[in-house]
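Q: Please find one structure pasted underneath; my questions will follow.
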Amino acid sequence: QDVLMRWENTDNASISLDMKTPLSHFPPFRFGVEFQDVHRLNDGQVKHSQEAFYAGSFWKISVQAFNDEDPQGRRTLGLFIHRRKAKMTDPLRKAHTYVDSREKVTARYQLICPSKREVKVFGKQAGTLLPKAPKGWGWRSAILFDELPYLLQNGCLRVSAVVQL
(Lines give C-alpha, C1' and ligand atoms only; values in the text may rest on other atoms or scores of the structure.)
Protein backbone atom coordinates (compact mmCIF):
# COMPACT_ATOMS: atom_id res chain seq x y z
CA GLN A 1 0.00 0.00 0.00
CA ASP A 2 1.36 3.40 -0.99
CA VAL A 3 1.74 5.96 1.73
CA LEU A 4 0.33 9.27 0.51
CA MET A 5 0.18 12.68 2.16
CA ARG A 6 -2.16 15.45 1.10
CA TRP A 7 -1.78 19.17 1.52
CA GLU A 8 -4.35 21.79 0.71
CA ASN A 9 -3.53 25.33 -0.27
CA THR A 10 -5.71 28.39 0.19
CA ASP A 11 -7.61 27.62 -3.04
CA ASN A 12 -8.61 24.19 -1.67
CA ALA A 13 -6.51 22.51 -4.37
CA SER A 14 -4.71 19.46 -3.06
CA ILE A 15 -1.29 18.00 -3.77
CA SER A 16 -0.54 14.31 -3.26
CA LEU A 17 2.99 13.09 -2.71
CA ASP A 18 4.22 9.51 -2.70
CA MET A 19 6.16 9.40 0.56
CA LYS A 20 8.36 6.53 -0.68
CA THR A 21 9.97 8.85 -3.22
CA PRO A 22 12.45 11.20 -1.54
CA LEU A 23 12.14 14.81 -2.56
CA SER A 24 14.85 17.40 -2.53
CA HIS A 25 14.50 20.77 -0.89
CA PHE A 26 15.32 22.27 -4.30
CA PRO A 27 12.27 23.00 -6.46
CA PRO A 28 12.32 21.79 -10.08
CA PHE A 29 14.52 23.85 -12.39
CA ARG A 30 13.62 24.76 -15.96
CA PHE A 31 15.79 26.20 -18.68
CA GLY A 32 15.64 26.41 -22.45
CA VAL A 33 18.25 26.46 -25.20
CA GLU A 34 18.40 26.92 -28.96
CA PHE A 35 20.72 25.12 -31.36
CA GLN A 36 21.37 26.64 -34.78
CA ASP A 37 22.27 24.67 -37.90
CA VAL A 38 21.69 21.20 -36.42
CA HIS A 39 20.74 19.99 -39.90
CA ARG A 40 24.39 20.54 -40.88
CA LEU A 41 25.86 18.27 -38.20
CA ASN A 42 27.83 15.32 -39.55
CA ASP A 43 28.09 11.91 -37.89
CA GLY A 44 29.56 12.28 -34.40
CA GLN A 45 29.49 16.09 -34.39
CA VAL A 46 28.02 17.66 -31.28
CA LYS A 47 26.76 21.08 -30.18
CA HIS A 48 26.61 22.09 -26.52
CA SER A 49 24.41 24.74 -24.94
CA GLN A 50 25.70 27.25 -22.46
CA GLU A 51 25.61 26.11 -18.85
CA ALA A 52 22.91 27.06 -16.35
CA PHE A 53 23.43 27.02 -12.56
CA TYR A 54 21.01 25.02 -10.38
CA ALA A 55 21.34 23.45 -6.93
CA GLY A 56 25.09 23.85 -6.70
CA SER A 57 25.79 22.37 -10.15
CA PHE A 58 26.10 23.45 -13.77
CA TRP A 59 23.69 21.95 -16.31
CA LYS A 60 23.69 21.96 -20.10
CA ILE A 61 22.09 20.19 -23.05
CA SER A 62 23.86 18.77 -26.08
CA VAL A 63 22.68 17.56 -29.45
CA GLN A 64 24.75 15.07 -31.48
CA ALA A 65 24.34 13.57 -34.96
CA PHE A 66 24.50 9.80 -35.51
CA ASN A 67 24.46 7.67 -38.65
CA ASP A 68 24.46 4.27 -36.93
CA GLU A 69 21.72 4.35 -34.27
CA ASP A 70 18.54 3.73 -36.27
CA PRO A 71 17.91 0.09 -37.29
CA GLN A 72 16.71 1.33 -40.70
CA GLY A 73 19.90 3.35 -41.26
CA ARG A 74 18.32 6.80 -40.99
CA ARG A 75 20.33 9.69 -39.55
CA THR A 76 19.37 10.65 -36.01
CA LEU A 77 19.98 13.44 -33.54
CA GLY A 78 20.65 12.51 -29.95
CA LEU A 79 19.63 14.74 -27.04
CA PHE A 80 21.61 14.66 -23.80
CA ILE A 81 21.59 16.43 -20.45
CA HIS A 82 24.91 17.05 -18.69
CA ARG A 83 25.71 18.01 -15.11
CA ARG A 84 29.02 19.02 -13.60
CA LYS A 85 29.76 19.95 -10.04
CA ALA A 86 30.43 23.62 -9.45
CA LYS A 87 33.68 24.84 -7.97
CA MET A 88 34.11 27.75 -5.62
CA THR A 89 36.18 29.48 -8.33
CA ASP A 90 33.57 29.25 -11.14
CA PRO A 91 32.81 32.81 -12.31
CA LEU A 92 29.15 31.97 -13.10
CA ARG A 93 28.70 30.73 -9.52
CA LYS A 94 29.59 34.08 -7.93
CA ALA A 95 25.97 34.95 -7.12
CA HIS A 96 25.33 31.55 -5.53
CA THR A 97 26.89 30.30 -2.32
CA TYR A 98 25.91 26.62 -2.44
CA VAL A 99 28.18 24.14 -4.25
CA ASP A 100 27.19 20.49 -4.68
CA SER A 101 30.54 18.70 -4.59
CA ARG A 102 29.21 15.24 -5.49
CA GLU A 103 30.68 13.69 -8.65
CA LYS A 104 27.37 11.99 -9.48
CA VAL A 105 23.79 12.91 -8.58
CA THR A 106 20.40 11.27 -8.93
CA ALA A 107 17.89 13.40 -10.80
CA ARG A 108 14.49 13.35 -12.44
CA TYR A 109 14.47 15.18 -15.73
CA GLN A 110 12.69 15.84 -19.00
CA LEU A 111 13.89 17.23 -22.30
CA ILE A 112 11.09 18.84 -24.31
CA CYS A 113 11.14 19.77 -28.02
CA PRO A 114 8.21 21.71 -29.49
CA SER A 115 7.24 20.71 -33.02
CA LYS A 116 4.73 21.87 -35.62
CA ARG A 117 3.02 18.48 -35.23
CA GLU A 118 3.49 17.62 -31.55
CA VAL A 119 5.52 18.24 -28.43
CA LYS A 120 8.24 15.62 -28.06
CA VAL A 121 8.97 14.78 -24.43
CA PHE A 122 11.89 12.63 -23.35
CA GLY A 123 12.29 12.01 -19.66
CA LYS A 124 12.97 9.96 -16.61
CA GLN A 125 10.40 10.29 -13.83
CA ALA A 126 12.24 7.80 -11.67
CA GLY A 127 15.49 9.06 -10.26
CA THR A 128 18.43 8.39 -12.60
CA LEU A 129 22.05 8.41 -11.48
CA LEU A 130 23.68 10.83 -13.90
CA PRO A 131 27.24 9.97 -14.95
CA LYS A 132 30.32 11.92 -13.93
CA ALA A 133 31.07 14.95 -16.13
CA PRO A 134 31.67 15.36 -19.01
CA LYS A 135 29.43 12.39 -19.90
CA GLY A 136 25.76 13.10 -20.46
CA TRP A 137 22.59 11.08 -20.21
CA GLY A 138 19.95 10.92 -22.90
CA TRP A 139 18.73 9.45 -26.14
CA ARG A 140 21.04 8.72 -29.10
CA SER A 141 18.10 8.42 -31.49
CA ALA A 142 15.72 11.01 -30.08
CA ILE A 143 15.00 12.75 -33.37
CA LEU A 144 15.21 11.62 -36.98
CA PHE A 145 16.82 14.09 -39.38
CA ASP A 146 13.68 13.63 -41.51
CA GLU A 147 11.66 15.27 -38.70
CA LEU A 148 13.76 18.46 -38.57
CA PRO A 149 11.50 20.51 -40.89
CA TYR A 150 8.74 20.14 -38.25
CA LEU A 151 11.03 20.86 -35.29
CA LEU A 152 13.07 23.85 -36.45
CA GLN A 153 11.77 27.28 -35.52
CA ASN A 154 13.48 30.07 -37.45
CA GLY A 155 16.22 27.55 -38.27
CA CYS A 156 16.79 26.61 -34.61
CA LEU A 157 16.08 23.47 -32.62
CA ARG A 158 14.57 24.53 -29.30
CA VAL A 159 14.93 22.29 -26.27
CA SER A 160 13.60 22.89 -22.76
CA ALA A 161 14.85 20.98 -19.75
CA VAL A 162 13.15 20.29 -16.43
CA VAL A 163 15.43 18.95 -13.68
CA GLN A 164 14.79 17.96 -10.08
CA LEU A 165 17.37 16.49 -7.74
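Ordering of the C-alpha coordinates sets the chain letters (A, B, ...); residue numbers start at 1 within each chain; ligands are numbered from 1 in the order shown.
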As a ChimeraX atom specification, please: the residues near stretch 75-84 of chain A (cut-off 9 Å, only C-alpha atoms, same-chain neighbours under 3 positions excluded).
A: /A:38,41,43,51,57-70,102-105,109,111,122,130-146,159,161
Q: Can you list, as an NGL selection string, every residue of stretch 23-162 of chain A that DSSP puts in strand (DSSP E or B)?
A: :A and (29-36 or 46-48 or 52-54 or 57-66 or 76-85 or 106-114 or 119-129 or 136-144 or 152-153 or 156-162)
Q: What separation in Å, quoted to one decimal, exists between atom CA of A:Arg117 and atom CA of A:Gln45?
A: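 Calculated distance between atom CA of A:Arg117 and atom CA of A:Gln45 is 26.6 Å.
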Q: Could you pull out the alpha helix (DSSP H) residues of stretch 111-156 of chain A from DSSP and send them as a ChimeraX atom specification?
A: /A:148-151
Q: One number please: atom CA of A:Ser160 to atom CA of A:Met88, in Å, one decimal.
A: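 Calculated distance between atom CA of A:Ser160 and atom CA of A:Met88 is 27.2 Å.
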Q: Nearest to A:Arg30 among A:Arg108, A:His48, A:Lys120, A:Lys85, with distances taken over only C-alpha atoms: which residue is it?
A: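 The closest residue to A:Arg30 is A:Arg108.
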Q: Between atom CA of A:Ile112 and atom CA of A:Tyr150, what is the spacing in Å?
A: 14.2 Å
